[in-house]
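Source file: upload27.cif. Holds: mmCIF, C-alpha atoms and all ligand atoms.
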```cif
data_final
#
loop_
_atom_site.label_atom_id
_atom_site.label_comp_id
_atom_site.auth_asym_id
_atom_site.auth_seq_id
_atom_site.Cartn_x
_atom_site.Cartn_y
_atom_site.Cartn_z
CA MET A 93 1.37 32.57 239.35
CA LYS A 94 -1.94 34.03 240.43
CA GLU A 95 -3.65 36.73 238.37
CA ILE A 96 -2.65 40.12 239.75
CA SER A 97 -5.44 42.38 238.47
CA LYS A 98 -8.89 42.15 236.91
CA ILE A 99 -11.36 44.50 235.24
CA ILE A 100 -14.31 44.91 237.59
CA ASP A 101 -17.17 47.26 236.60
CA GLY A 102 -14.97 48.70 233.84
CA LYS A 103 -12.12 49.50 236.23
CA ARG A 104 -8.88 47.58 236.78
CA VAL A 105 -8.39 46.59 240.41
CA ILE A 106 -5.65 44.55 242.03
CA VAL A 107 -7.02 41.17 243.11
CA LYS A 108 -3.75 39.77 244.41
CA LYS A 109 -2.92 42.19 247.19
CA PRO A 110 0.39 41.47 248.88
CA GLU A 111 0.38 40.59 252.56
CA LEU A 112 1.66 43.45 254.74
CA LEU A 113 3.89 41.77 257.31
CA ALA A 114 4.89 43.74 260.40
CA PRO A 115 7.28 43.17 263.29
CA ALA A 116 5.93 42.51 266.79
CA GLY A 117 8.51 42.92 269.56
CA ASN A 118 5.93 42.28 272.29
CA LEU A 119 2.21 41.72 272.75
CA GLU A 120 1.36 45.42 272.84
CA LYS A 121 3.20 46.01 269.55
CA LEU A 122 1.53 42.96 268.02
CA LYS A 123 -1.90 44.35 268.83
CA ILE A 124 -1.03 47.79 267.45
CA ALA A 125 0.41 46.29 264.24
CA VAL A 126 -2.78 44.29 263.71
CA LEU A 127 -5.10 47.19 264.54
CA TYR A 128 -3.17 49.53 262.23
CA GLY A 129 -3.59 47.15 259.30
CA ALA A 130 -0.95 44.40 259.23
CA ASP A 131 -2.15 41.25 257.44
CA ALA A 132 0.41 39.28 259.41
CA VAL A 133 2.96 39.85 262.16
CA PHE A 134 6.24 38.14 262.90
CA LEU A 135 7.62 37.64 266.37
CA GLY A 136 10.35 35.74 268.15
CA GLY A 137 9.88 33.11 270.80
CA LYS A 138 12.23 32.97 273.77
CA GLU A 139 14.13 30.15 272.06
CA PHE A 140 15.60 29.61 268.60
CA SER A 141 14.99 33.19 267.45
CA LEU A 142 17.24 36.05 266.38
CA ARG A 143 16.85 39.42 268.08
CA SER A 144 17.23 37.86 271.50
CA ALA A 145 16.87 41.28 273.13
CA ALA A 146 13.56 42.07 271.42
CA SER A 147 11.51 41.16 274.52
CA ASN A 148 10.73 37.81 272.97
CA PHE A 149 7.46 35.97 273.56
CA SER A 150 6.82 33.05 275.90
CA LEU A 151 4.53 30.30 274.56
CA GLU A 152 1.68 31.81 276.60
CA ASP A 153 2.33 35.20 274.99
CA ILE A 154 2.39 33.59 271.55
CA GLN A 155 -0.93 31.93 272.26
CA GLN A 156 -2.47 35.26 273.29
CA GLY A 157 -0.97 36.90 270.20
CA VAL A 158 -2.36 34.21 267.89
CA GLU A 159 -5.83 34.51 269.44
CA PHE A 160 -5.82 38.29 269.04
CA ALA A 161 -4.42 38.23 265.49
CA HIS A 162 -6.79 35.52 264.26
CA LYS A 163 -9.75 37.35 265.76
CA HIS A 164 -8.75 40.29 263.55
CA HIS A 165 -8.03 38.09 260.49
CA SER A 166 -4.25 38.44 260.69
CA ASP A 167 -1.63 35.71 260.71
CA VAL A 168 1.28 35.09 263.08
CA HIS A 169 4.73 33.98 261.91
CA VAL A 170 7.27 32.91 264.51
CA THR A 171 11.00 33.24 263.87
CA CYS A 172 13.03 30.11 264.59
CA ASN A 173 15.98 31.39 262.59
CA ILE A 174 19.09 31.05 264.68
CA ILE A 175 22.07 29.23 263.18
CA LEU A 176 22.17 26.24 265.51
CA HIS A 177 25.18 25.13 267.46
CA ASN A 178 25.15 21.64 268.90
CA ASP A 179 24.07 22.86 272.31
CA ASN A 180 20.98 24.50 270.74
CA LEU A 181 19.55 21.21 269.44
CA ALA A 182 17.64 20.02 272.49
CA GLY A 183 13.94 20.79 272.67
CA ILE A 184 13.35 21.96 269.09
CA LYS A 185 10.89 19.23 268.20
CA GLU A 186 8.72 19.90 271.24
CA TYR A 187 8.88 23.64 270.58
CA LEU A 188 7.73 23.29 266.94
CA GLN A 189 4.90 21.00 268.02
CA ALA A 190 3.82 23.52 270.66
CA LEU A 191 3.77 26.34 268.06
CA ASP A 192 1.66 24.20 265.74
CA ASP A 193 -0.75 23.30 268.54
CA ILE A 194 -1.17 26.98 269.41
CA GLY A 195 -2.19 27.72 265.80
CA VAL A 196 0.85 29.68 264.63
CA ASP A 197 0.52 30.17 260.86
CA ALA A 198 4.18 29.95 259.86
CA ILE A 199 7.68 29.56 261.20
CA ILE A 200 10.65 31.39 259.70
CA VAL A 201 13.71 29.17 259.66
CA ALA A 202 17.36 29.31 258.62
CA ASP A 203 19.05 26.14 259.82
CA PRO A 204 18.55 23.15 257.46
CA TYR A 205 17.93 20.87 260.44
CA ILE A 206 14.84 22.88 261.48
CA MET A 207 13.61 22.92 257.85
CA MET A 208 13.93 19.15 257.64
CA LEU A 209 12.45 18.55 261.09
CA ALA A 210 9.45 20.80 260.51
CA LYS A 211 8.58 19.02 257.25
CA SER A 212 9.08 15.54 258.70
CA MET A 213 6.66 16.35 261.54
CA HIS A 214 3.83 17.10 259.04
CA LEU A 215 2.80 20.24 260.90
CA SER A 216 -0.10 22.42 259.77
CA LEU A 217 2.00 25.58 259.88
CA GLU A 218 3.93 26.84 256.86
CA VAL A 219 7.72 26.84 256.78
CA HIS A 220 9.36 30.02 255.46
CA VAL A 221 13.04 30.32 254.59
CA SER A 222 14.53 33.23 256.54
CA THR A 223 16.32 36.17 254.96
CA GLN A 224 19.22 34.86 257.04
CA MET A 225 19.86 32.38 254.19
CA SER A 226 20.62 35.30 251.81
CA THR A 227 18.55 33.84 248.96
CA LEU A 228 19.12 35.94 245.84
CA ASN A 229 18.46 33.67 242.85
CA SER A 230 15.79 31.48 241.26
CA SER A 231 17.78 28.23 241.46
CA ALA A 232 18.19 28.56 245.22
CA ILE A 233 14.47 29.24 245.53
CA ARG A 234 13.66 26.10 243.50
CA PHE A 235 15.97 24.16 245.80
CA TYR A 236 13.95 25.28 248.82
CA GLN A 237 10.69 24.60 246.96
CA ASN A 238 11.87 21.03 246.32
CA LEU A 239 12.52 20.67 250.04
CA GLY A 240 8.86 21.51 250.63
CA MET A 241 9.32 25.07 251.89
CA ASP A 242 6.23 27.24 251.48
CA ARG A 243 7.89 30.64 251.17
CA VAL A 244 11.30 32.22 250.69
CA VAL A 245 12.19 35.58 252.19
CA PHE A 246 14.61 37.29 249.82
CA GLY A 247 17.92 38.60 251.04
CA ARG A 248 17.76 42.38 251.25
CA GLU A 249 20.46 42.46 248.56
CA THR A 250 18.06 41.37 245.77
CA THR A 251 17.51 44.05 243.11
CA TYR A 252 14.12 44.80 241.60
CA GLU A 253 15.29 43.55 238.19
CA ASP A 254 16.21 40.21 239.76
CA VAL A 255 12.93 40.08 241.71
CA LYS A 256 10.95 40.40 238.45
CA VAL A 257 12.89 37.63 236.71
CA ILE A 258 12.74 35.35 239.75
CA ARG A 259 8.99 35.87 240.07
CA GLN A 260 8.55 34.70 236.47
CA LYS A 261 10.84 31.71 236.94
CA CYS A 262 9.39 30.68 240.31
CA PRO A 263 5.63 31.20 239.97
CA ASP A 264 4.51 28.57 242.48
CA ILE A 265 6.17 29.51 245.72
CA ASP A 266 5.45 32.48 247.97
CA LEU A 267 8.04 35.25 247.82
CA GLU A 268 8.57 37.81 250.60
CA TYR A 269 10.52 41.04 250.10
CA PHE A 270 11.71 43.67 252.59
CA ILE A 271 10.18 47.07 251.89
CA HIS A 272 11.19 49.03 254.97
CA GLY A 273 13.68 49.07 257.84
CA ALA A 274 17.30 48.99 258.89
CA MET A 275 19.99 47.52 256.65
CA CYS A 276 22.83 45.28 257.71
CA ILE A 277 26.19 45.97 256.07
CA ALA A 278 26.95 42.25 256.08
CA TYR A 279 24.63 39.78 254.31
CA SER A 280 21.82 39.95 256.87
CA GLY A 281 23.34 38.79 260.10
CA ARG A 282 26.19 36.82 258.49
CA CYS A 283 28.65 38.89 260.40
CA MET A 284 31.08 38.26 263.21
CA LEU A 285 31.80 41.84 264.28
CA SER A 286 29.53 41.51 267.26
CA ASN A 287 31.00 38.11 268.23
CA TYR A 288 34.53 39.53 268.21
CA PHE A 289 33.75 42.76 270.04
CA SER A 290 31.36 41.55 272.70
CA ARG A 291 30.94 37.77 272.39
CA ARG A 292 27.38 38.39 271.22
CA ASP A 293 26.49 36.16 268.28
CA ALA A 294 24.58 37.95 265.50
CA ASN A 295 23.52 34.55 264.19
CA ARG A 296 21.99 33.60 267.50
CA GLY A 297 20.16 36.84 268.12
CA GLY A 298 22.83 38.86 269.88
CA CYS A 299 23.94 41.49 267.32
CA ASN A 300 25.14 44.59 269.17
CA GLN A 301 25.13 46.75 266.01
CA SER A 302 28.90 47.13 266.16
CA CYS A 303 28.88 48.29 262.53
CA ARG A 304 27.23 51.49 263.75
CA TRP A 305 29.86 52.26 266.39
CA ASN A 306 32.39 55.04 265.85
CA TYR A 307 35.80 53.98 264.58
CA ASP A 308 39.08 55.68 263.77
CA LEU A 309 40.24 54.42 260.39
CA TYR A 310 43.96 53.84 259.72
CA GLU A 311 45.85 52.94 256.57
CA ASP A 312 49.28 51.79 257.78
CA ASP A 313 50.05 54.41 260.45
CA GLN A 314 48.02 57.16 258.96
CA GLN A 315 44.58 58.07 260.20
CA VAL A 316 42.26 58.36 257.20
CA ASN A 317 38.90 58.99 258.78
CA GLY A 318 37.88 61.28 255.96
CA GLU A 319 36.18 64.61 255.81
CA GLY A 320 36.57 66.66 258.99
CA ASP A 321 38.42 63.79 260.67
CA VAL A 322 35.19 62.76 262.39
CA PRO A 323 34.86 59.12 263.47
CA TYR A 324 34.01 56.57 260.81
CA THR A 325 31.00 54.23 261.00
CA MET A 326 29.96 51.39 258.71
CA GLY A 327 26.22 51.88 259.16
CA SER A 328 23.78 52.31 256.30
CA LYS A 329 20.81 54.58 255.93
CA ASP A 330 17.49 52.77 256.41
CA MET A 331 15.63 51.23 253.52
CA ALA A 332 12.25 52.69 252.53
CA LEU A 333 10.72 51.44 249.27
CA VAL A 334 7.63 53.56 249.74
CA ASN A 335 7.87 55.04 246.25
CA HIS A 336 8.23 51.60 244.61
CA ILE A 337 5.24 49.83 246.12
CA PRO A 338 3.23 49.95 242.85
CA GLU A 339 5.95 48.14 240.85
CA LEU A 340 6.34 45.51 243.56
CA ILE A 341 2.58 44.89 243.69
CA GLU A 342 2.42 44.56 239.89
CA CYS A 343 5.26 42.06 239.76
CA GLY A 344 3.38 39.73 242.12
CA ILE A 345 5.37 39.71 245.35
CA ASP A 346 3.30 37.82 247.94
CA SER A 347 4.43 39.54 251.11
CA PHE A 348 5.91 42.96 251.94
CA LYS A 349 8.02 42.81 255.07
CA ILE A 350 8.71 45.66 257.49
CA GLU A 351 11.82 45.23 259.65
CA GLY A 352 12.02 46.30 263.28
CA ARG A 353 11.09 44.04 266.19
CA MET A 354 13.18 46.29 268.44
CA LYS A 355 11.44 49.47 267.27
CA SER A 356 8.91 51.54 269.24
CA LEU A 357 5.13 51.40 269.31
CA HIS A 358 5.07 54.72 267.49
CA TYR A 359 7.29 53.35 264.72
CA ILE A 360 5.10 50.25 264.27
CA ALA A 361 1.89 52.28 264.13
CA THR A 362 3.29 54.88 261.76
CA VAL A 363 4.96 52.51 259.32
CA VAL A 364 2.16 49.93 259.22
CA SER A 365 -0.59 52.48 258.80
CA THR A 366 1.29 54.37 256.06
CA TYR A 367 1.98 51.27 253.96
CA ARG A 368 -1.58 50.00 254.62
CA LYS A 369 -3.04 53.22 253.23
CA LEU A 370 -0.65 53.19 250.26
CA ILE A 371 -1.29 49.55 249.30
CA ASP A 372 -5.06 49.95 249.62
CA ALA A 373 -5.13 53.18 247.61
CA TYR A 374 -3.07 51.67 244.79
CA CYS A 375 -4.98 48.38 244.66
CA ALA A 376 -8.36 50.11 244.52
CA ASP A 377 -7.56 51.92 241.26
CA PRO A 378 -4.03 51.27 240.01
CA ASP A 379 -4.50 52.97 236.64
CA HIS A 380 -5.42 56.31 238.19
CA PHE A 381 -3.25 56.15 241.30
CA VAL A 382 -0.92 59.12 241.70
CA MET A 383 1.99 58.70 244.13
CA SER A 384 2.01 61.49 246.69
CA ASP A 385 4.95 62.59 248.83
CA TRP A 386 2.61 62.37 251.85
CA TYR A 387 3.51 58.72 252.36
CA GLU A 388 7.26 59.30 252.58
CA LYS A 389 6.80 62.38 254.77
CA GLU A 390 4.60 60.36 257.11
CA LEU A 391 7.24 57.62 257.38
CA GLU A 392 9.91 60.22 258.15
CA LYS A 393 8.04 61.11 261.33
CA SER A 394 9.05 57.81 262.89
CA ALA A 395 12.51 57.61 261.34
CA ASN A 396 15.76 58.02 263.20
CA ARG A 397 17.96 57.71 260.12
CA ALA A 398 17.70 59.08 256.61
CA PHE A 399 16.14 56.80 253.98
CA CYS A 400 17.65 55.06 250.99
CA THR A 401 16.48 52.39 248.55
CA GLY A 402 19.01 49.77 249.65
CA PHE A 403 19.79 47.35 246.81
CA PHE A 404 16.52 47.99 244.92
CA TYR A 405 18.24 49.58 241.91
CA ASP A 406 21.71 48.08 242.21
CA HIS A 407 24.59 48.17 244.65
CA PRO A 408 24.27 51.12 247.02
CA THR A 409 26.73 53.98 246.57
CA ALA A 410 28.47 56.15 249.15
CA ASP A 411 25.27 58.21 249.27
CA GLU A 412 23.46 55.35 250.98
CA GLN A 413 26.08 55.04 253.74
CA LEU A 414 26.65 56.98 256.93
CA TYR A 415 30.45 56.79 256.83
CA ASN A 416 31.30 59.99 258.66
CA ASN A 417 27.97 61.07 259.91
CA ARG A 418 25.46 59.16 261.96
CA ASP A 419 22.81 61.36 260.31
CA GLU A 420 20.29 60.86 263.05
CA HIS A 421 17.08 62.02 261.54
CA PRO A 422 14.78 64.24 263.60
CA THR A 423 12.07 62.04 265.02
CA GLN A 424 8.64 63.45 265.69
CA GLU A 425 7.88 63.00 269.32
CA PHE A 426 5.20 60.47 270.24
CA VAL A 427 3.40 61.98 273.23
CA MET A 428 0.09 60.20 273.74
CA ARG A 429 -2.05 57.19 273.01
CA VAL A 430 -5.84 57.55 273.04
CA ILE A 431 -7.55 55.08 275.35
CA ASP A 432 -11.09 56.48 275.17
CA TYR A 433 -13.16 59.28 273.66
CA ASP A 434 -16.38 60.69 275.09
CA GLU A 435 -18.28 62.10 272.13
CA ASP A 436 -20.83 63.93 274.29
CA LYS A 437 -18.22 65.71 276.36
CA GLN A 438 -15.76 65.91 273.43
CA MET A 439 -13.08 64.73 275.79
CA MET A 440 -10.36 62.22 275.09
CA LYS A 441 -8.73 60.06 277.70
CA ILE A 442 -5.07 59.43 276.98
CA GLU A 443 -2.03 57.66 278.27
CA GLN A 444 0.98 60.01 278.38
CA ARG A 445 4.00 58.72 276.46
CA ASN A 446 6.30 61.78 276.42
CA TYR A 447 6.37 65.30 277.81
CA PHE A 448 3.95 67.84 276.39
CA LYS A 449 2.27 70.93 277.72
CA LYS A 450 -0.62 73.32 277.22
CA GLY A 451 -0.19 75.27 273.99
CA ASP A 452 1.52 72.42 272.12
CA GLU A 453 0.15 71.50 268.71
CA ILE A 454 -0.66 67.79 268.42
CA GLU A 455 -1.13 65.65 265.34
CA ILE A 456 -3.34 62.62 265.85
CA PHE A 457 -2.91 59.73 263.45
CA SER A 458 -5.21 56.79 263.16
CA PRO A 459 -5.99 53.69 261.13
CA HIS A 460 -9.58 55.00 260.84
CA GLN A 461 -9.21 58.48 259.37
CA SER A 462 -6.84 61.12 258.01
CA ASN A 463 -4.47 62.86 260.40
CA LEU A 464 -6.02 65.65 262.44
CA TYR A 465 -4.50 68.55 264.36
CA PHE A 466 -5.40 70.50 267.48
CA THR A 467 -3.78 72.72 270.08
CA VAL A 468 -3.82 71.54 273.69
CA GLU A 469 -5.96 74.10 275.52
CA LYS A 470 -6.52 72.23 278.77
CA ILE A 471 -5.19 69.10 280.47
CA TYR A 472 -6.92 67.39 283.41
CA ASN A 473 -5.53 64.66 285.62
CA GLU A 474 -7.54 61.72 287.01
CA ASP A 475 -8.67 63.84 289.98
CA ASN A 476 -10.15 66.32 287.49
CA VAL A 477 -7.54 68.89 288.48
CA GLU A 478 -6.26 71.05 285.63
CA VAL A 479 -2.51 70.77 285.03
CA ASP A 480 -0.20 72.71 282.73
CA VAL A 481 2.19 69.95 281.74
CA ALA A 482 2.04 66.20 281.11
CA ASN A 483 5.34 65.00 282.52
CA HIS A 484 4.57 61.67 284.19
CA PRO A 485 5.17 58.61 281.98
CA MET A 486 1.98 56.59 281.33
CA GLU A 487 -0.16 59.00 283.38
CA ILE A 488 -3.86 58.95 282.51
CA LEU A 489 -5.02 62.41 281.44
CA TYR A 490 -8.08 64.04 279.89
CA ILE A 491 -7.91 66.60 277.09
CA PRO A 492 -10.84 68.37 275.41
CA VAL A 493 -10.81 67.96 271.63
CA ASN A 494 -13.74 68.76 269.37
CA GLN A 495 -12.85 66.28 266.62
CA LYS A 496 -13.69 62.61 266.96
CA VAL A 497 -10.75 60.37 267.81
CA TYR A 498 -10.61 56.60 268.28
CA VAL A 499 -9.18 54.21 270.85
CA ASN A 500 -5.51 53.48 270.03
CA ASP A 501 -5.07 56.60 267.89
CA MET A 502 -1.69 58.14 268.61
CA GLY A 503 -0.58 61.72 269.08
CA ARG A 504 2.69 63.35 268.08
CA LYS A 505 3.90 66.80 269.08
CA VAL A 506 4.16 68.91 265.93
CA ARG A 507 7.59 70.45 265.53
CA HIS A 508 7.92 73.82 263.88
CA GLU A 509 11.55 74.07 262.74
S1 LIG B 601 26.98 44.29 263.54
FE1 LIG B 601 26.02 45.39 261.82
S2 LIG B 601 26.65 44.25 260.02
FE2 LIG B 601 27.00 42.90 261.77
S3 LIG B 601 25.11 41.69 261.97
FE3 LIG B 601 24.92 43.47 263.29
S4 LIG B 601 23.81 45.01 262.02
FE4 LIG B 601 24.67 43.43 260.63
#
```

Give the structure from the file, written as structure tokens.
Amino acid sequence: MKEISKIIDGKRVIVKKPELLAPAGNLEKLKIAVLYGADAVFLGGKEFSLRSAASNFSLEDIQQGVEFAHKHHSDVHVTCNIILHNDNLAGIKEYLQALDDIGVDAIIVADPYIMMLAKSMHLSLEVHVSTQMSTLNSSAIRFYQNLGMDRVVFGRETTYEDVKVIRQKCPDIDLEYFIHGAMCIAYSGRCMLSNYFSRRDANRGGCNQSCRWNYDLYEDDQQVNGEGDVPYTMGSKDMALVNHIPELIECGIDSFKIEGRMKSLHYIATVVSTYRKLIDAYCADPDHFVMSDWYEKELEKSANRAFCTGFFYDHPTADEQLYNNRDEHPTQEFVMRVIDYDEDKQMMKIEQRNYFKKGDEIEIFSPHQSNLYFTVEKIYNEDNVEVDVANHPMEILYIPVNQKVYVNDMGRKVRHE
């Protein structure tokens, strides 16, 4: 296992920084993830990938994504992690070759046939074992290592205690661990609820999240929904290991994965930039790092469910579930994306993303600087006519602001509750 930290100029610094791996549901999200600090992104092609509704990439899109990511020193991993049925077999070889030719850095696979095929083709790309295989122990990881796999993505059900032991027992293979995102109440995707309810196969990218639907619960003939008789759901709170990043860095995890190819641009930017800042701050001076609640509060601004720590400590309790309450978390509203800033005129050009109006307080967040705040005094449209409200999706508008902002910074409307 590589050395994790070193004394440099009398100060301990982390020399083995984990990769921050972010989801990319489309090309725009890929670019934002990279610009906000992802070391690598993962995306799905139109074939052989889970999350079939996540606006998956064509080969041309993947090529553009690879060119953009490599230009910014980030890697691209492509999911090829469906559980294959016989009628899915045709065309895999050609597809893997095309990904390799494009320069994709890794594929994420679940079906043993794709593992075997990828290795037999002697491709340049790495082969990573998907979380879909629910790998939770060191012997299984050694099995995949013996097959020539380059990395194993842990099942989300792996506890921190197990991660530490496994890291010691398996020092020579890359290990990837989920740090943030939605939980599945079955072993990731190994679930047939969706198949039964809507003929959508969770193992071929079609999960319809049926576990989060509302149900009436009966024991024999008696309805036992629980408190208040409100409908019952099987959904979990979302995982956020923000307060455990230091331990995970110190135990030598190679890659920290953020879930959410279906999530919004605002979610990607917020989550990637928060973990980027946290990892960098800790690695620069781990012995004097003090965890602040700023990181968790920042993540909450893009959340739509309350957070939990998943299986990090042990099995989740009833507190980590949303049995009788969907517990939709208030989401801060993403209202603008900066597309230019004129320093002389102190005027930013933005793309409207949600309704806002004069008098609203806006928080701008950025990969380049700390969050800044201003009140919208004036709004101009492209004809230089002053308007009171921004209510046209994607409209280009101009707003005076006397603090420097950067292209691709994002603005949220501040809620005072
Ligand atoms: S329905 Fe729920 S438990 Fe089943 S695969 Fe989908 S998210 Fe997981």

Write out as a Markdown table a residue-level contact list of chain A versus ligand LIG 601 (chain B) with cut-off 12 Å: for each qualifying residue the closest pair of atoms and the distance in Å to one decimal, counting only C-alpha atoms and all ligand atoms, rows sorted by chain and residue number upward.
```
| residue | atom | partner | partner_atom | distance |
| --- | --- | --- | --- | --- |
| A:Leu142 | CA | B:LIG601 | S3 | 10.6 |
| A:Arg143 | CA | B:LIG601 | FE3 | 10.2 |
| A:Gln224 | CA | B:LIG601 | S3 | 10.3 |
| A:Arg248 | CA | B:LIG601 | FE4 | 11.7 |
| A:Gly273 | CA | B:LIG601 | S4 | 11.7 |
| A:Ala274 | CA | B:LIG601 | S4 | 8.2 |
| A:Met275 | CA | B:LIG601 | S4 | 7.1 |
| A:Cys276 | CA | B:LIG601 | FE4 | 3.9 |
| A:Ile277 | CA | B:LIG601 | S2 | 4.3 |
| A:Ala278 | CA | B:LIG601 | S2 | 4.4 |
| A:Tyr279 | CA | B:LIG601 | FE4 | 7.3 |
| A:Ser280 | CA | B:LIG601 | FE4 | 5.9 |
| A:Gly281 | CA | B:LIG601 | S3 | 3.9 |
| A:Arg282 | CA | B:LIG601 | S3 | 6.1 |
| A:Cys283 | CA | B:LIG601 | FE2 | 4.5 |
| A:Met284 | CA | B:LIG601 | FE2 | 6.3 |
| A:Leu285 | CA | B:LIG601 | S1 | 5.5 |
| A:Ser286 | CA | B:LIG601 | S1 | 5.3 |
| A:Asn287 | CA | B:LIG601 | S1 | 8.7 |
| A:Tyr288 | CA | B:LIG601 | S1 | 10.1 |
| A:Phe289 | CA | B:LIG601 | S1 | 9.5 |
| A:Ser290 | CA | B:LIG601 | S1 | 10.5 |
| A:Arg291 | CA | B:LIG601 | S1 | 11.7 |
| A:Arg292 | CA | B:LIG601 | S1 | 9.7 |
| A:Asp293 | CA | B:LIG601 | S3 | 8.5 |
| A:Ala294 | CA | B:LIG601 | S3 | 5.2 |
| A:Asn295 | CA | B:LIG601 | S3 | 7.6 |
| A:Arg296 | CA | B:LIG601 | S3 | 10.3 |
| A:Gly297 | CA | B:LIG601 | S3 | 9.3 |
| A:Gly298 | CA | B:LIG601 | FE3 | 8.3 |
| A:Cys299 | CA | B:LIG601 | FE3 | 4.6 |
| A:Asn300 | CA | B:LIG601 | S1 | 5.9 |
| A:Gln301 | CA | B:LIG601 | S1 | 3.9 |
| A:Ser302 | CA | B:LIG601 | S1 | 4.3 |
| A:Cys303 | CA | B:LIG601 | FE1 | 4.1 |
| A:Arg304 | CA | B:LIG601 | FE1 | 6.5 |
| A:Trp305 | CA | B:LIG601 | S1 | 8.9 |
| A:Thr325 | CA | B:LIG601 | FE1 | 10.2 |
| A:Met326 | CA | B:LIG601 | FE1 | 7.8 |
| A:Gly327 | CA | B:LIG601 | FE1 | 7.0 |
| A:Ser328 | CA | B:LIG601 | FE1 | 9.1 |
| A:Lys329 | CA | B:LIG601 | S4 | 11.7 |
| A:Asp330 | CA | B:LIG601 | S4 | 11.5 |
| A:Gly352 | CA | B:LIG601 | S4 | 11.9 |
```

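Between CA of Asp264 in chain A and CA of His162 in chain A there is a distance of 25.5 Å.
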
Nearest to Pro323 in chain A among A:Asn416, A:Val430, A:Tyr374, A:Gln156, with distances taken over only C-alpha atoms: which residue is it? A:Asn416

Near-Ile456 in chain A list (7 Å; all atoms listed in the file; drop same-chain fewer than 4 positions) as a PyMOL selection string: chain A and resi 463-465+501-504

Extract, using only C-alpha atoms, all DNA, RNA and protein residues at most 12 Å from Glu455 in chain A, discarding same-chain residues fewer than 6 positions from it, and format them as a PyMOL selection string. chain A and resi 390+393+424-429+462-468+493+495+497+501-507

Smallest atom-to-atom distance to Ile337 in chain A: which of A:Leu309, A:Ala373, A:Cys262, A:Ala202, using all atoms listed in the file?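 The closest residue to Ile337 in chain A is A:Ala373.
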
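Coordinates place CA of Gln155 in chain A at a distance of 15.7 Å from CA of Ser216 in chain A.
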
Can you sort out range 126-136 of chain A so it carries N, CA, C and O atoms, written as an mmCIF file, in the coordinates of the input?
```cif
data_model
loop_
_atom_site.group_PDB
_atom_site.id
_atom_site.type_symbol
_atom_site.label_atom_id
_atom_site.label_comp_id
_atom_site.auth_asym_id
_atom_site.auth_seq_id
_atom_site.Cartn_x
_atom_site.Cartn_y
_atom_site.Cartn_z
ATOM 1 N N VAL A 126 -1.552 44.877 264.269
ATOM 2 C CA VAL A 126 -2.780 44.290 263.710
ATOM 3 C C VAL A 126 -3.857 45.366 263.555
ATOM 4 O O VAL A 126 -4.495 45.492 262.506
ATOM 5 N N LEU A 127 -4.044 46.177 264.592
ATOM 6 C CA LEU A 127 -5.100 47.190 264.540
ATOM 7 C C LEU A 127 -4.803 48.274 263.504
ATOM 8 O O LEU A 127 -5.714 48.905 262.975
ATOM 9 N N TYR A 128 -3.524 48.513 263.226
ATOM 10 C CA TYR A 128 -3.170 49.530 262.230
ATOM 11 C C TYR A 128 -3.085 48.941 260.816
ATOM 12 O O TYR A 128 -2.721 49.640 259.877
ATOM 13 N N GLY A 129 -3.406 47.657 260.664
ATOM 14 C CA GLY A 129 -3.590 47.150 259.300
ATOM 15 C C GLY A 129 -2.636 46.082 258.817
ATOM 16 O O GLY A 129 -2.641 45.753 257.622
ATOM 17 N N ALA A 130 -1.839 45.472 259.694
ATOM 18 C CA ALA A 130 -0.950 44.400 259.230
ATOM 19 C C ALA A 130 -1.779 43.148 258.924
ATOM 20 O O ALA A 130 -2.647 42.759 259.700
ATOM 21 N N ASP A 131 -1.493 42.522 257.781
ATOM 22 C CA ASP A 131 -2.150 41.250 257.440
ATOM 23 C C ASP A 131 -1.524 40.107 258.222
ATOM 24 O O ASP A 131 -2.131 39.057 258.393
ATOM 25 N N ALA A 132 -0.291 40.304 258.634
ATOM 26 C CA ALA A 132 0.410 39.280 259.410
ATOM 27 C C ALA A 132 1.488 39.973 260.235
ATOM 28 O O ALA A 132 1.940 41.067 259.886
ATOM 29 N N VAL A 133 1.862 39.323 261.331
ATOM 30 C CA VAL A 133 2.960 39.850 262.160
ATOM 31 C C VAL A 133 3.983 38.744 262.334
ATOM 32 O O VAL A 133 3.651 37.558 262.255
ATOM 33 N N PHE A 134 5.238 39.145 262.552
ATOM 34 C CA PHE A 134 6.240 38.140 262.900
ATOM 35 C C PHE A 134 6.847 38.478 264.246
ATOM 36 O O PHE A 134 7.010 39.647 264.590
ATOM 37 N N LEU A 135 7.124 37.446 265.011
ATOM 38 C CA LEU A 135 7.620 37.640 266.370
ATOM 39 C C LEU A 135 8.611 36.528 266.687
ATOM 40 O O LEU A 135 8.672 35.509 265.992
ATOM 41 N N GLY A 136 9.380 36.747 267.740
ATOM 42 C CA GLY A 136 10.350 35.740 268.150
ATOM 43 C C GLY A 136 9.936 35.109 269.452
ATOM 44 O O GLY A 136 9.477 35.799 270.365
#
```
